[in-house]
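Note sheet for the following structure.
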Amino acid sequence: MKRLLNLGRDKLAVLSLIVIGSVLTAGIFAPFVAPHDPQQVNMGLRYAGMSSAYWLGNDHLGRCILSRLIYGIRPSVLWVLVALLASVGVGALLGLAAGYFREKIDAVIMRICDVFLSFPGYVMTLAVVGILGPGLENILIAFIATKWAWFARVIRTSVMQYAEKDYIKFARASGIGHVRIIRTHIVPAAFADIAVVSSSSVCSMILQISGLSFLGLGIQAPNPEWGMMLNEAREVMFSKPQLMLAPGIAIVAVVSAFNFLSDALQVALDPKLGASAESRRNKEGKQARYEYIGS
Amino acid sequence: MNLLKGMFGAMITVGLLSGCGTSSEPSAKSAEPAARANKTELVYASAKDINDMNPHLYTGSMPAQGIVYESLVENTEEGIKPLLAESWDVSEDGKVYTFHLRKGVTFHDGEPFNAEAVKKNIDAVQSNAEKHAWIKLSTKIKETKVIDDSTFRLVLSEPYYPALLELTMTRPYVFLSPKDFVDGETKNGVNGYHGTGPYVLAEHKVEESATFTANEKYWNGAPAIKKITARVLPAGETTLLALQKGEVDFIFTDDRGADSLDVEAMNGLVDSGKYQLVRSDPMNTKMIVANSGKSGSPAAETAVRRAVWHAIDRQTIARDIMGGTETPAETLFSANVNYAASDLTPMAYDPGQSKRLLEEAGWKADGGGQIRMKEGRPLKMQLYYDSSSSSQKTQAEFIQHSLKEIGAELELVGEDSSSIANRRATGEYDLLFNQTWGLAYDPQSTIAAFTSDSAYKHTTSGIADADKLYDMIDEVMVSMDEARRKSLYADIMRTVHDEAVFIPLTNGSVTVIAPRGLQGVAFKQTQFELPFERMSFE
């Protein structure tokens, strides 16, 4: 907890947290925040510019762009977070088991991981979408199915560092059950790695979901989604380029915020990168930097 | 590093929109197209590859087939005119057609065009008759006879008044050099694509481009445009960029009726001074086809179809979405189509009427939800649109919203145009975008297609008097009496109008963007071909 507080000293991290926090809040409370119904068609306002009633103007069907942007947070960010939690959950469970028990369990889980990791992420996602058909749920399913292996592998590596430590051996020797050891000794230690690797994965997932919606494979019309808004704007990109700005900037801002946050988290949680005297004592801790897969 | 990569990724997503298909190859053509004198080349953009050019099958690009192959007779504004046949006689009973062929015509490979070649081609088409069932002539040909080298006789099993009209069509009754046949057939592929038309297929790079060169020995004089290239480009902004850069200098509404550029982009091109925009007269009717034959689908109910019809504001679609380039259509066939019925009850935009119709039919809006229910089923349908058409998606979303107002939910599915055609044939749809086939085909072929499995059989099979409708269609095609035909056509059109299986949207036309200096940009009586051979640079 104390290390998390270090985050407060990093101004960029605080800013990122504020951005992410307000985006998430806006997404959750979209019906209250959005000034208009995002699906309300009003052909009279087709391609209307900014106005006091419609702050960001209107799109090709006269729908409020600001409202669409706010509702778009749900599939673009919120559902991505849910998918991320699910795949981290699956990955953590298997990674902990593999890293802690080793031997056969490890071998079996890791070979399955090898299979999943041997396909490029995008190809797997496209294949799943091809089988199940386009749609947000199917993409999220594809995400969970393809990303867990990566998390499992990273978490396993992290767990292995600790599983051989003396205090774990003592705990085992004194007859404490496996589940309890994992819960009290391993999870807290590995949590930092899990947090870092998952926060950096968010960005690639946000980009991928926007990319797939851009291609028309994600959420279906008329539901708003940032990638789809970009695609709709693309058709008039030479006559009305301003339509691309809103969804484009939204994607860039959120992805950057998650990236800054992930970097800050890494610094704050990694004992070696941290500046406190307490953490300097731990010289064995091998620094692990994870880069997210995909894109 | 993370940060950099993330930023880079974000840029890529945003950058996707700058059109990944645009190649930056240095092009000699990047000079302004209109500025060059003595230009004899055209490069047109096409969203699809020209595909299999075999004229006796249906996968090829029709504009490309139209310049390579020719038919016996031609459909013009003034009626049927000679093309490969100089003249023809029809017997008293309407069953025997004797064609006197043009002499001295050769195929691109040097083979002579004669009665023997005509017979071989028509026999090849007939041997694959089920594929051609939509064209009723294929079911009526009894005998093909070579009288002498330049006289050919076609014997029908019964009189069929649109016979000559159907012989004018882009396919299948056009002529391929007999040397290209495989075992005397064309249905299993051919060895080459040699027609008699003004252009010769010179090179075909699959999914990239196709080059056609002028047929210098063309019987009607070599065309002025010496080289035509069809470049495969994704529709939309990639095509627009290519036009601006001069990589392509010609585009037109494709054979599925999709304009690849939005109206404002086209106007912008014209304003740039390099291009002209030419629009044909209304050629066809763009419409939503409802599957009356799909049991369990709300679209199988007349009341629902009529409610959808009343709920669509055609005026707004024509004015705002189509930018005023098309006119609202109130009936399946516009008034300038032969035999178009004039006494149909118009079904104007009236959402109130839609709601009343649905109420009467038992679709109730109770239960708190926005969607009407009947016997536990929600009023929910799927609308399929061509994903490469920018206007269809916008129209679909507009209609979706209009239907929501009357308590119906529409699920939009964008698909490839060939997949839409497949859905139409297999009946796996509730509603889909389509268009009538154009002046040369309306009304007879479009109406004949009501009975064809591969076309509108599913659309029409669910209506109350389907059998009666089919009988009328069969009768009208063989009727030799003009007055009788007229009244039958009127009855057919009234039936499908009242049943609202074809919900008209707008009257579409063919749009051409061409270099400013290009003369003779004209249209044929069909939306599927352009007369390139009549064009020239000033």
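We label chains A, B, ... in the order they appear in the structure tokens, count residues from 1 in each chain, and number ligands from 1 in the order shown.
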
So which residues touch segment 376-386 of chain B within 6 Å, counting only C-alpha atoms, skipping near sequence neighbours fewer than 5 positions away, as a PDB file with C-alpha atoms, in the first residue's frame?
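Okay, this is what ended up in selection18.pdb:
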```
ATOM      1  CA  ALA B 408     -39.854  -2.256 -34.647  1.00  0.00           C
ATOM      2  CA  GLU B 409     -36.273  -3.225 -34.158  1.00  0.00           C
ATOM      3  CA  LEU B 410     -33.961  -3.550 -37.084  1.00  0.00           C
ATOM      4  CA  GLU B 411     -30.632  -5.268 -36.800  1.00  0.00           C
ATOM      5  CA  LEU B 412     -28.163  -4.030 -39.407  1.00  0.00           C
ATOM      6  CA  VAL B 413     -25.701  -6.388 -41.002  1.00  0.00           C
ATOM      7  CA  GLY B 414     -23.167  -5.133 -43.513  1.00  0.00           C
ATOM      8  CA  GLU B 415     -21.911  -7.767 -45.917  1.00  0.00           C
ATOM      9  CA  ASP B 416     -20.051  -8.187 -49.142  1.00  0.00           C
ATOM     10  CA  SER B 417     -22.252  -7.694 -52.205  1.00  0.00           C
ATOM     11  CA  ASP B 430     -35.688 -10.603 -43.534  1.00  0.00           C
ATOM     12  CA  LEU B 431     -34.933  -7.427 -45.436  1.00  0.00           C
ATOM     13  CA  LEU B 432     -32.134  -6.508 -47.776  1.00  0.00           C
ATOM     14  CA  PHE B 433     -31.098  -3.684 -50.028  1.00  0.00           C
TER      15      PHE B 433
END
```

May I have the residues of chain A within 8 Å of chain B, counting only C-alpha atoms, written as a PDB file with N, CA and C atoms, in the first residue's frame?
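Listed below is the output, part-v9.pdb:
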```
ATOM      1  N   GLN A  39     -28.560   7.754 -30.065  1.00  0.00           N
ATOM      2  CA  GLN A  39     -29.101   7.146 -31.280  1.00  0.00           C
ATOM      3  C   GLN A  39     -30.196   8.002 -31.897  1.00  0.00           C
ATOM      4  N   GLN A  40     -30.401   9.193 -31.355  1.00  0.00           N
ATOM      5  CA  GLN A  40     -31.466  10.055 -31.857  1.00  0.00           C
ATOM      6  C   GLN A  40     -31.058  10.638 -33.214  1.00  0.00           C
ATOM      7  N   VAL A  41     -31.731  10.182 -34.260  1.00  0.00           N
ATOM      8  CA  VAL A  41     -31.416  10.674 -35.605  1.00  0.00           C
ATOM      9  C   VAL A  41     -32.163  11.981 -35.850  1.00  0.00           C
ATOM     10  N   MET A  43     -32.121  14.339 -39.134  1.00  0.00           N
ATOM     11  CA  MET A  43     -31.486  14.619 -40.418  1.00  0.00           C
ATOM     12  C   MET A  43     -31.314  16.112 -40.668  1.00  0.00           C
ATOM     13  N   ARG A  46     -27.745  17.152 -39.962  1.00  0.00           N
ATOM     14  CA  ARG A  46     -26.678  16.362 -40.585  1.00  0.00           C
ATOM     15  C   ARG A  46     -25.415  17.202 -40.721  1.00  0.00           C
ATOM     16  N   HIS A  60     -23.260  12.075 -39.475  1.00  0.00           N
ATOM     17  CA  HIS A  60     -23.947  11.973 -40.761  1.00  0.00           C
ATOM     18  C   HIS A  60     -25.442  11.721 -40.632  1.00  0.00           C
ATOM     19  N   LEU A  61     -25.902  11.368 -39.462  1.00  0.00           N
ATOM     20  CA  LEU A  61     -27.340  11.213 -39.276  1.00  0.00           C
ATOM     21  C   LEU A  61     -27.878  12.256 -38.309  1.00  0.00           C
ATOM     22  N   SER A 200      -0.583  -2.481 -18.719  1.00  0.00           N
ATOM     23  CA  SER A 200      -0.024  -2.170 -20.034  1.00  0.00           C
ATOM     24  C   SER A 200      -0.769  -2.903 -21.147  1.00  0.00           C
ATOM     25  N   CYS A 203      -4.003  -1.011 -23.032  1.00  0.00           N
ATOM     26  CA  CYS A 203      -3.822  -0.138 -24.193  1.00  0.00           C
ATOM     27  C   CYS A 203      -3.970  -0.918 -25.482  1.00  0.00           C
ATOM     28  N   SER A 204      -3.288  -2.064 -25.553  1.00  0.00           N
ATOM     29  CA  SER A 204      -3.359  -2.812 -26.801  1.00  0.00           C
ATOM     30  C   SER A 204      -4.770  -3.300 -27.030  1.00  0.00           C
ATOM     31  N   LEU A 207      -6.931  -0.475 -28.328  1.00  0.00           N
ATOM     32  CA  LEU A 207      -6.617  -0.211 -29.734  1.00  0.00           C
ATOM     33  C   LEU A 207      -7.170  -1.303 -30.638  1.00  0.00           C
ATOM     34  N   SER A 210     -10.957  -0.998 -31.001  1.00  0.00           N
ATOM     35  CA  SER A 210     -11.285   0.114 -31.895  1.00  0.00           C
ATOM     36  C   SER A 210     -10.964  -0.268 -33.329  1.00  0.00           C
ATOM     37  N   GLY A 211      -9.840  -0.939 -33.511  1.00  0.00           N
ATOM     38  CA  GLY A 211      -9.453  -1.349 -34.860  1.00  0.00           C
ATOM     39  C   GLY A 211     -10.472  -2.291 -35.470  1.00  0.00           C
ATOM     40  N   GLY A 216     -15.558  -2.798 -38.924  1.00  0.00           N
ATOM     41  CA  GLY A 216     -16.946  -3.253 -38.986  1.00  0.00           C
ATOM     42  C   GLY A 216     -17.177  -4.612 -38.361  1.00  0.00           C
ATOM     43  N   GLN A 220     -22.136  -3.499 -33.495  1.00  0.00           N
ATOM     44  CA  GLN A 220     -22.910  -3.213 -34.704  1.00  0.00           C
ATOM     45  C   GLN A 220     -23.718  -1.931 -34.554  1.00  0.00           C
ATOM     46  N   ALA A 221     -23.949  -1.296 -35.686  1.00  0.00           N
ATOM     47  CA  ALA A 221     -24.726  -0.056 -35.702  1.00  0.00           C
ATOM     48  C   ALA A 221     -26.103  -0.327 -35.098  1.00  0.00           C
ATOM     49  N   PRO A 222     -26.723   0.652 -34.479  1.00  0.00           N
ATOM     50  CA  PRO A 222     -26.319   2.045 -34.347  1.00  0.00           C
ATOM     51  C   PRO A 222     -25.550   2.329 -33.055  1.00  0.00           C
ATOM     52  N   LEU A 230     -14.853   6.561 -36.009  1.00  0.00           N
ATOM     53  CA  LEU A 230     -13.757   6.919 -36.917  1.00  0.00           C
ATOM     54  C   LEU A 230     -14.068   6.446 -38.332  1.00  0.00           C
ATOM     55  N   ASN A 231     -14.585   5.229 -38.425  1.00  0.00           N
ATOM     56  CA  ASN A 231     -14.883   4.680 -39.738  1.00  0.00           C
ATOM     57  C   ASN A 231     -15.984   5.484 -40.423  1.00  0.00           C
ATOM     58  N   ARG A 234     -14.537   8.513 -41.686  1.00  0.00           N
ATOM     59  CA  ARG A 234     -13.586   8.288 -42.774  1.00  0.00           C
ATOM     60  C   ARG A 234     -14.213   8.547 -44.134  1.00  0.00           C
ATOM     61  N   GLU A 235     -15.511   8.229 -44.249  1.00  0.00           N
ATOM     62  CA  GLU A 235     -16.161   8.389 -45.548  1.00  0.00           C
ATOM     63  C   GLU A 235     -16.183   9.847 -45.996  1.00  0.00           C
ATOM     64  N   VAL A 236     -16.124  10.755 -45.035  1.00  0.00           N
ATOM     65  CA  VAL A 236     -16.131  12.171 -45.423  1.00  0.00           C
ATOM     66  C   VAL A 236     -14.841  12.833 -44.971  1.00  0.00           C
ATOM     67  N   MET A 237     -13.756  12.048 -44.915  1.00  0.00           N
ATOM     68  CA  MET A 237     -12.538  12.588 -44.308  1.00  0.00           C
ATOM     69  C   MET A 237     -11.951  13.759 -45.085  1.00  0.00           C
ATOM     70  N   PHE A 238     -12.295  13.880 -46.347  1.00  0.00           N
ATOM     71  CA  PHE A 238     -11.731  15.007 -47.088  1.00  0.00           C
ATOM     72  C   PHE A 238     -12.660  16.215 -47.088  1.00  0.00           C
ATOM     73  N   SER A 239     -13.949  15.955 -46.976  1.00  0.00           N
ATOM     74  CA  SER A 239     -14.852  17.107 -46.945  1.00  0.00           C
ATOM     75  C   SER A 239     -15.098  17.581 -45.515  1.00  0.00           C
ATOM     76  N   GLY A 248     -10.859  10.226 -32.508  1.00  0.00           N
ATOM     77  CA  GLY A 248      -9.414  10.018 -32.598  1.00  0.00           C
ATOM     78  C   GLY A 248      -8.709  10.500 -31.340  1.00  0.00           C
ATOM     79  N   ILE A 251      -9.430   8.258 -28.321  1.00  0.00           N
ATOM     80  CA  ILE A 251      -8.635   7.021 -28.274  1.00  0.00           C
ATOM     81  C   ILE A 251      -7.210   7.334 -27.833  1.00  0.00           C
ATOM     82  N   VAL A 252      -6.615   8.338 -28.449  1.00  0.00           N
ATOM     83  CA  VAL A 252      -5.232   8.673 -28.125  1.00  0.00           C
ATOM     84  C   VAL A 252      -5.107   9.053 -26.641  1.00  0.00           C
ATOM     85  N   VAL A 255      -5.624   5.907 -24.340  1.00  0.00           N
ATOM     86  CA  VAL A 255      -4.502   4.966 -24.460  1.00  0.00           C
ATOM     87  C   VAL A 255      -3.239   5.564 -23.830  1.00  0.00           C
ATOM     88  N   SER A 256      -3.002   6.861 -24.063  1.00  0.00           N
ATOM     89  CA  SER A 256      -1.827   7.484 -23.458  1.00  0.00           C
ATOM     90  C   SER A 256      -1.945   7.458 -21.941  1.00  0.00           C
ATOM     91  N   ASN A 259      -1.082   4.204 -20.621  1.00  0.00           N
ATOM     92  CA  ASN A 259       0.343   3.944 -20.755  1.00  0.00           C
ATOM     93  C   ASN A 259       1.147   4.667 -19.677  1.00  0.00           C
ATOM     94  N   PHE A 260       0.838   5.938 -19.460  1.00  0.00           N
ATOM     95  CA  PHE A 260       1.545   6.696 -18.419  1.00  0.00           C
ATOM     96  C   PHE A 260       1.316   6.044 -17.071  1.00  0.00           C
ATOM     97  N   ASP A 263       3.350   2.887 -16.723  1.00  0.00           N
ATOM     98  CA  ASP A 263       4.759   3.174 -16.448  1.00  0.00           C
ATOM     99  C   ASP A 263       4.950   3.592 -15.000  1.00  0.00           C
ATOM    100  N   GLU A 291       6.441  -6.108 -21.820  1.00  0.00           N
ATOM    101  CA  GLU A 291       5.789  -5.308 -22.845  1.00  0.00           C
ATOM    102  C   GLU A 291       4.587  -6.074 -23.329  1.00  0.00           C
ATOM    103  N   TYR A 292       3.581  -5.343 -23.610  1.00  0.00           N
ATOM    104  CA  TYR A 292       2.370  -6.049 -23.981  1.00  0.00           C
ATOM    105  C   TYR A 292       2.491  -6.571 -25.412  1.00  0.00           C
ATOM    106  N   SER A 295      -0.883  -5.577 -31.242  1.00  0.00           N
ATOM    107  CA  SER A 295      -0.787  -4.453 -32.179  1.00  0.00           C
ATOM    108  C   SER A 295       0.540  -4.493 -32.874  1.00  0.00           C
TER     109      SER A 295
END
```

Got a sec: who's within 7 Å of Asn58 of chain A, counting only C-alpha atoms, leaving out chain neighbours fewer than 5 positions off, as a ChimeraX atom specification?
/A:45-49,63-65

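Proximity to segment 279-281 of chain B at 7 Å, evaluated using only C-alpha atoms and with sequence-adjacent residues fewer than 4 positions away removed, yields Ser509, Val510, Thr511, Val512 and Phe523 of chain B.
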
Selected residues, C-alpha atoms, written as a JSON list (two decimals), in the first residue's frame, please.
```json
[["chain", "number", "residue", "atom", "x", "y", "z"],
["B", 509, "SER", "CA", -29.01, 6.58, -61.79],
["B", 510, "VAL", "CA", -25.53, 5.83, -63.02],
["B", 511, "THR", "CA", -22.95, 8.43, -62.07],
["B", 512, "VAL", "CA", -19.71, 8.88, -63.95],
["B", 523, "PHE", "CA", -25.02, 5.75, -71.13]]
```

Name the residues of segment 71-215 of chain A that fall into alpha helix (DSSP H) according to DSSP on the backbone, using the chain letters and numbers of this document, as an MDAnalysis selection string.
chainID A and resid 71:73 79:101 103:117 121:132 136:163 166:173 178:181 187:214

Selection above as a file: C-alpha atoms, as a CSV table (one decimal), in the first residue's frame:
```csv
chain,number,residue,atom,x,y,z
A,71,TYR,CA,-21.7,6.1,-24.7
A,72,GLY,CA,-18.8,4.8,-26.7
A,73,ILE,CA,-16.8,4.6,-23.5
A,79,TRP,CA,-16.0,-3.8,-21.7
A,80,VAL,CA,-12.3,-3.9,-22.5
A,81,LEU,CA,-11.6,-3.7,-18.8
A,82,VAL,CA,-14.0,-6.5,-18.1
A,83,ALA,CA,-12.4,-8.7,-20.7
A,84,LEU,CA,-9.0,-7.8,-19.3
A,85,LEU,CA,-10.1,-8.8,-15.8
A,86,ALA,CA,-11.5,-12.0,-17.1
A,87,SER,CA,-8.4,-13.0,-19.0
A,88,VAL,CA,-6.1,-11.9,-16.1
A,89,GLY,CA,-8.2,-13.9,-13.8
A,90,VAL,CA,-7.9,-17.1,-15.9
A,91,GLY,CA,-4.2,-16.3,-16.5
A,92,ALA,CA,-3.5,-15.7,-12.8
A,93,LEU,CA,-5.2,-18.9,-11.7
A,94,LEU,CA,-3.3,-21.0,-14.1
A,95,GLY,CA,-0.1,-19.1,-13.7
A,96,LEU,CA,-0.2,-19.4,-10.0
A,97,ALA,CA,-0.8,-23.1,-10.2
A,98,ALA,CA,2.0,-23.6,-12.7
A,99,GLY,CA,4.5,-21.5,-10.9
A,100,TYR,CA,3.8,-22.9,-7.5
A,101,PHE,CA,3.3,-26.6,-8.1
A,103,GLU,CA,6.3,-30.4,-12.4
A,104,LYS,CA,3.5,-31.9,-14.4
A,105,ILE,CA,0.9,-29.2,-13.8
A,106,ASP,CA,3.4,-26.7,-15.0
A,107,ALA,CA,4.3,-28.7,-18.1
A,108,VAL,CA,0.7,-29.2,-19.1
A,109,ILE,CA,-0.3,-25.6,-18.6
A,110,MET,CA,2.7,-24.2,-20.3
A,111,ARG,CA,2.3,-26.5,-23.4
A,112,ILE,CA,-1.2,-25.3,-23.7
A,113,CYS,CA,0.1,-21.7,-23.4
A,114,ASP,CA,2.6,-22.4,-26.1
A,115,VAL,CA,-0.1,-23.5,-28.4
A,116,PHE,CA,-2.1,-20.3,-27.8
A,117,LEU,CA,0.9,-18.1,-28.0
A,121,GLY,CA,-3.1,-12.3,-31.5
A,122,TYR,CA,-4.9,-10.5,-34.3
A,123,VAL,CA,-5.1,-13.6,-36.4
A,124,MET,CA,-6.7,-15.6,-33.6
A,125,THR,CA,-9.2,-12.7,-32.9
A,126,LEU,CA,-10.1,-12.6,-36.6
A,127,ALA,CA,-10.6,-16.3,-36.7
A,128,VAL,CA,-12.9,-16.3,-33.7
A,129,VAL,CA,-14.9,-13.4,-35.2
A,130,GLY,CA,-15.0,-15.3,-38.4
A,131,ILE,CA,-16.5,-18.4,-36.7
A,132,LEU,CA,-18.8,-16.6,-34.2
A,136,LEU,CA,-18.8,-7.0,-29.4
A,137,GLU,CA,-19.4,-10.1,-27.3
A,138,ASN,CA,-17.6,-12.3,-29.7
A,139,ILE,CA,-14.6,-10.0,-29.8
A,140,LEU,CA,-14.5,-10.0,-26.1
A,141,ILE,CA,-14.7,-13.8,-26.0
A,142,ALA,CA,-11.9,-13.8,-28.6
A,143,PHE,CA,-9.8,-11.5,-26.4
A,144,ILE,CA,-10.2,-13.6,-23.3
A,145,ALA,CA,-9.5,-16.8,-25.2
A,146,THR,CA,-6.3,-15.5,-26.8
A,147,LYS,CA,-4.9,-13.3,-24.0
A,148,TRP,CA,-5.0,-15.5,-20.9
A,149,ALA,CA,-2.1,-17.6,-22.1
A,150,TRP,CA,0.2,-14.5,-22.1
A,151,PHE,CA,-0.9,-13.6,-18.6
A,152,ALA,CA,-0.5,-17.1,-17.3
A,153,ARG,CA,3.1,-17.2,-18.7
A,154,VAL,CA,4.1,-13.9,-17.1
A,155,ILE,CA,2.5,-14.6,-13.8
A,156,ARG,CA,4.1,-18.0,-13.7
A,157,THR,CA,7.5,-16.5,-14.1
A,158,SER,CA,6.8,-14.0,-11.4
A,159,VAL,CA,5.5,-16.7,-9.0
A,160,MET,CA,8.5,-18.9,-9.6
A,161,GLN,CA,10.8,-16.2,-8.2
A,162,TYR,CA,9.0,-16.4,-4.9
A,163,ALA,CA,8.0,-20.1,-4.8
A,166,ASP,CA,13.1,-19.8,2.1
A,167,TYR,CA,10.0,-18.4,3.8
A,168,ILE,CA,7.8,-20.3,1.4
A,169,LYS,CA,9.8,-23.5,2.2
A,170,PHE,CA,9.4,-22.8,5.9
A,171,ALA,CA,5.7,-22.2,5.5
A,172,ARG,CA,5.4,-25.5,3.7
A,173,ALA,CA,7.5,-27.3,6.3
A,178,HIS,CA,-1.1,-24.8,-0.4
A,179,VAL,CA,-4.1,-22.5,-0.9
A,180,ARG,CA,-3.2,-20.5,2.2
A,181,ILE,CA,0.4,-20.2,1.2
A,187,VAL,CA,-0.3,-13.5,-4.4
A,188,PRO,CA,0.7,-10.3,-2.5
A,189,ALA,CA,4.3,-10.6,-3.8
A,190,ALA,CA,3.3,-11.3,-7.4
A,191,PHE,CA,0.5,-8.7,-7.4
A,192,ALA,CA,2.8,-5.9,-8.5
A,193,ASP,CA,3.8,-7.8,-11.6
A,194,ILE,CA,0.2,-8.7,-12.3
A,195,ALA,CA,-0.9,-5.0,-12.0
A,196,VAL,CA,1.9,-3.8,-14.3
A,197,VAL,CA,1.4,-6.4,-17.0
A,198,SER,CA,-2.4,-6.0,-17.0
A,199,SER,CA,-2.3,-2.2,-17.1
A,200,SER,CA,0.0,-2.2,-20.0
A,201,SER,CA,-2.3,-4.7,-21.8
A,202,VAL,CA,-5.3,-2.4,-21.6
A,203,CYS,CA,-3.8,-0.1,-24.2
A,204,SER,CA,-3.4,-2.8,-26.8
A,205,MET,CA,-6.8,-4.1,-26.1
A,206,ILE,CA,-8.4,-0.7,-26.5
A,207,LEU,CA,-6.6,-0.2,-29.7
A,208,GLN,CA,-7.5,-3.6,-31.0
A,209,ILE,CA,-11.2,-3.3,-30.2
A,210,SER,CA,-11.3,0.1,-31.9
A,211,GLY,CA,-9.5,-1.3,-34.9
A,212,LEU,CA,-11.9,-4.2,-35.2
A,213,SER,CA,-14.9,-1.9,-34.9
A,214,PHE,CA,-13.3,0.3,-37.4
```

Could you state the separation of atom CA of Tyr275 of chain B and atom CA of Ile50 of chain B in Å, given to one decimal place?
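Answer for the atom CA of Tyr275 of chain B to atom CA of Ile50 of chain B separation: 24.5 Å.
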
Straight-line distance linking atom CA of Ala307 of chain B with atom CA of Ser292 of chain B, stated in Å to one decimal
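Going from atom CA of Ala307 of chain B over to atom CA of Ser292 of chain B covers 13.9 Å.
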
So which residues touch Glu499 of chain B within 8 Å, counting only C-alpha atoms, skipping near sequence neighbours fewer than 4 positions away, as an MDAnalysis selection string?
chainID B and resid 302 305:306 463 495

Using only C-alpha atoms, which protein or nucleic acid residues come within 10 Å of Leu530 of chain B? Drop anything in the same chain fewer than 3 positions from it, and give the result as JSON, numbers by chain.
{"B": [62, 63, 64, 66, 67, 252, 510, 512, 521, 522, 523, 524, 525, 526, 527, 533, 534, 535]}

Residues just named, written with C-alpha atoms as a PDB file, in the first residue's frame:
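So the final result, stored in out_3.pdb, reads:
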```pdb
ATOM      1  CA  MET B  62     -20.354  -6.626 -66.277  1.00  0.00           C
ATOM      2  CA  PRO B  63     -18.827  -3.349 -67.451  1.00  0.00           C
ATOM      3  CA  ALA B  64     -15.719  -5.280 -68.454  1.00  0.00           C
ATOM      4  CA  GLY B  66     -19.705  -5.353 -71.931  1.00  0.00           C
ATOM      5  CA  ILE B  67     -16.711  -3.971 -73.803  1.00  0.00           C
ATOM      6  CA  PHE B 252     -18.771   5.016 -62.230  1.00  0.00           C
ATOM      7  CA  VAL B 510     -25.529   5.830 -63.022  1.00  0.00           C
ATOM      8  CA  VAL B 512     -19.714   8.884 -63.952  1.00  0.00           C
ATOM      9  CA  VAL B 521     -19.666  10.266 -71.985  1.00  0.00           C
ATOM     10  CA  ALA B 522     -23.015   8.613 -72.461  1.00  0.00           C
ATOM     11  CA  PHE B 523     -25.024   5.752 -71.126  1.00  0.00           C
ATOM     12  CA  LYS B 524     -26.561   2.624 -72.458  1.00  0.00           C
ATOM     13  CA  GLN B 525     -30.016   1.434 -71.627  1.00  0.00           C
ATOM     14  CA  THR B 526     -28.511  -0.586 -68.838  1.00  0.00           C
ATOM     15  CA  GLN B 527     -26.754   0.374 -65.659  1.00  0.00           C
ATOM     16  CA  GLU B 533     -15.958   2.988 -77.495  1.00  0.00           C
ATOM     17  CA  ARG B 534     -17.914   6.191 -78.115  1.00  0.00           C
ATOM     18  CA  MET B 535     -15.724   8.310 -75.845  1.00  0.00           C
TER      19      MET B 535
END
```

May I have all residues of segment 422-538 of chain B that DSSP, computed from the backbone, assigns to strand (DSSP E), given as JSON, numbers by chain?
{"B": [431, 432, 433, 434, 435, 502, 503, 504, 505, 506, 507, 508, 511, 512, 513, 514, 515, 518, 519, 536, 537]}

Correct to one decimal, the distance atom CA of Tyr69 of chain B-atom CA of Thr196 of chain B is 5.6 Å
